[in-house]
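Undergrad: Sharing a structure with you now.
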Amino acid sequence: MLKINVLDKGFVEVVDSLGNDLTVVNSARVSFGKRKEKWDKSDERLVRYLAKHKHYSPFRHLQVQFHIKAPEFVMRQWYKHVVGIETTSNSSAKDHAWNEISGRYVEVEDFYYPSVWRKQSDDNKQASEGELAEVQNKRAIHSYNTALTTTMNMYDRLVNDYGVAKEQARVILPLSQYTEVYWTASFQAIMNFIELRNEKTSQWEIQQYAKVMLELMKETFPKITEIWSEAHGWV
């Protein structure tokens with residue numbers, strides 16, 4: 001299995017996949033009653049045409065199941081790519097399955113610790129721009145670590161000293177807590193996630209996951225990923 005670490009404690013792992021590079025062309029050519037067993041230049045031309053002209057249904061026959069560990073604030077952004085599923089043929093929100101670890105059953109233990117803190121952008125209310133100066137960065141790290149330690153101690157006290165149910169005690173936990181999901185999605189849906197999140201206006205942390213996802217897709221479906229990337233101007 002393919003696995004790449006992300007941030008300080010996160011990772012993305014390919015658990016399973018369905019299909020191969022020929023799956024796309026065979027799905028497209030079935031209307032002519034044709035099927036191929038070996039890839040050649042004609043297949044490359046067909047995939048390039050399908051990607052360029054947004055004939056996406058053949059790409060949805062490729063599926064990948066991922067095991068992902070990421071901070072809660074990253075996963076909430078990620079989940080936006082799963083909700084709002086509808087039925088139009090070219091929707092990039094189709095073909096997802098999402099199952100997440102539950103704080104009702106499992107005590108939260110891992111949290112994200114940024115090593116560098118970024119400044120608020122002057123002209124974009126939702127974005128950061130540059131890093132804090134060294135002194136301010138050290139102060140931010142100290143303040144964050146202090147707050148997180150206090151929160152973790154209070155959570156532990158609620159659960160283990162007072163007997164509070166985990167489903168209720170978790171309400172004090174911050175968005176920096178790590179969570180884990182299994183995400184299964186079509187090739188089209190995965191590439192849509194990468195396109196939207198691997199660009200400079202996305203939050204830095206989720207960009208790191210998008211970059212890793214692209215690397216894993218290159219390993220899983222090398223020819224299709226390369227052609228798709230070229231057709232969409234990523235390379």
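Just remember, in the structure tokens the first chain shown is A, the second B, etc., residues are 1-based per chain, and ligands are 1-based in the order shown.
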Write out, as a Markdown table, each residue of region 25-67 of chain A that has an atom at most 12 Å from region 204-218 of chain A, together with the closest pair of atoms and their distance in Å to one decimal, counting only C-alpha atoms, rows going by chain and rising number.

TA:
```
| residue | atom | partner | partner_atom | distance |
| --- | --- | --- | --- | --- |
| A:Leu62 | CA | A:Met217 | CA | 10.9 |
| A:Gln63 | CA | A:Met217 | CA | 10.6 |
| A:Val64 | CA | A:Met217 | CA | 8.8 |
| A:Gln65 | CA | A:Met217 | CA | 11.3 |
| A:Phe66 | CA | A:Met213 | CA | 9.4 |
| A:His67 | CA | A:Met213 | CA | 11.3 |
```

Undergrad: Write out as a list in words each polymer residue whose atoms come within 9 Å of Glu195 (chain A), counting only C-alpha atoms; drop sequence neighbours fewer than 5 positions from it.

TA: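 Near Glu195 (chain A), the qualifying residues are Ile190, Ala210, His232 and Trp234 of chain A.
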
Undergrad: Of the candidates A:Ser121, A:Tyr178, A:Phe111, A:Tyr49, which one gets nearest to Leu148 (chain A) if we count only C-alpha atoms?

TA: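 Among the listed residues, the smallest separation from Leu148 (chain A) belongs to A:Phe111.
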
Undergrad: Might you pull out every residue within 10 Å of Ala127 (chain A), with only C-alpha atoms counted and same-chain residues fewer than 4 positions away left off, and present them as a list in words?

TA: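 Listed by chain and then number, they are Arg118, Lys119, Gln120, Ser121, Asp122, Asp123, Lys200, Thr201, Ser202, Gln203 and Trp204 of chain A.
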
Undergrad: Go ahead and save the picked residues with C-alpha atoms, as a PDB file, in the first residue's frame.

TA:
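Below is the file that was written, result_37.pdb:
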```pdb
ATOM      1  CA  ARG A 118       1.409  32.944   9.508  1.00  0.00           C
ATOM      2  CA  LYS A 119       0.250  36.567   9.409  1.00  0.00           C
ATOM      3  CA  GLN A 120      -3.272  37.589   8.482  1.00  0.00           C
ATOM      4  CA  SER A 121      -3.507  38.905   4.927  1.00  0.00           C
ATOM      5  CA  ASP A 122      -4.196  42.624   4.680  1.00  0.00           C
ATOM      6  CA  ASP A 123      -6.427  42.347   1.613  1.00  0.00           C
ATOM      7  CA  LYS A 200      -2.260  29.300  -3.701  1.00  0.00           C
ATOM      8  CA  THR A 201      -5.534  30.666  -2.335  1.00  0.00           C
ATOM      9  CA  SER A 202      -6.273  27.461  -0.407  1.00  0.00           C
ATOM     10  CA  GLN A 203      -5.160  27.129   3.195  1.00  0.00           C
ATOM     11  CA  TRP A 204      -1.560  25.959   3.383  1.00  0.00           C
TER      12      TRP A 204
END
```

Undergrad: Taking only region 32-142 of chain A into account, list the residues labelled helix (DSSP H, G or I) by DSSP (computed from the backbone), as an NGL selection string.

TA: :A and (32 or 41-52 or 57-61 or 72-79 or 134-142)

Undergrad: May I have the residues within 8 Å of region 14-31 of chain A as a list in words, using only C-alpha atoms and disregarding those fewer than 6 positions away in the same chain?

TA: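 Returned residues: Met1, Leu2, Lys3, Glu37, Lys38, Trp39, Asp43, Leu46, Val47, Pro58, Phe59, His61, Leu62, Gln63, Val64, Gln65, Phe66, His67, Leu216, Thr220, Phe221, Pro222, Lys223 and Ile224 of chain A.
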
Undergrad: Please identify the strand (DSSP E or B) residues within region 2-156 of chain A (assignment by DSSP from backbone atoms) and present them as a ChimeraX atom specification.

TA: /A:2-6,10-18,63-71,96-100,111,118-120,128-131

Undergrad: Skip Ser102 (chain A) itself and residues of its chain fewer than 4 positions away, then list as a PyMOL selection string all residues within 9 Å of it, counting only C-alpha atoms.

TA: chain A and resi 106-107+167+179-180

Undergrad: Mind writing the picked residues with C-alpha atoms as a PDB file, in the first residue's frame?

TA:
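part-v8.pdb was written with the following content:
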```pdb
ATOM      1  CA  VAL A 106     -12.460   6.934  20.923  1.00  0.00           C
ATOM      2  CA  GLU A 107     -10.694   9.447  23.122  1.00  0.00           C
ATOM      3  CA  GLU A 167     -19.577  12.357  23.218  1.00  0.00           C
ATOM      4  CA  THR A 179      -9.300  12.836  12.957  1.00  0.00           C
ATOM      5  CA  GLU A 180      -9.253   9.865  10.576  1.00  0.00           C
TER       6      GLU A 180
END
```

Undergrad: When distances are computed from only C-alpha atoms, which of A:Met75, A:Leu196, A:Ile101, A:Met154 shows the smallest separation from Ala169 (chain A)?

TA: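 Smallest distance to Ala169 (chain A) is found for A:Met154.
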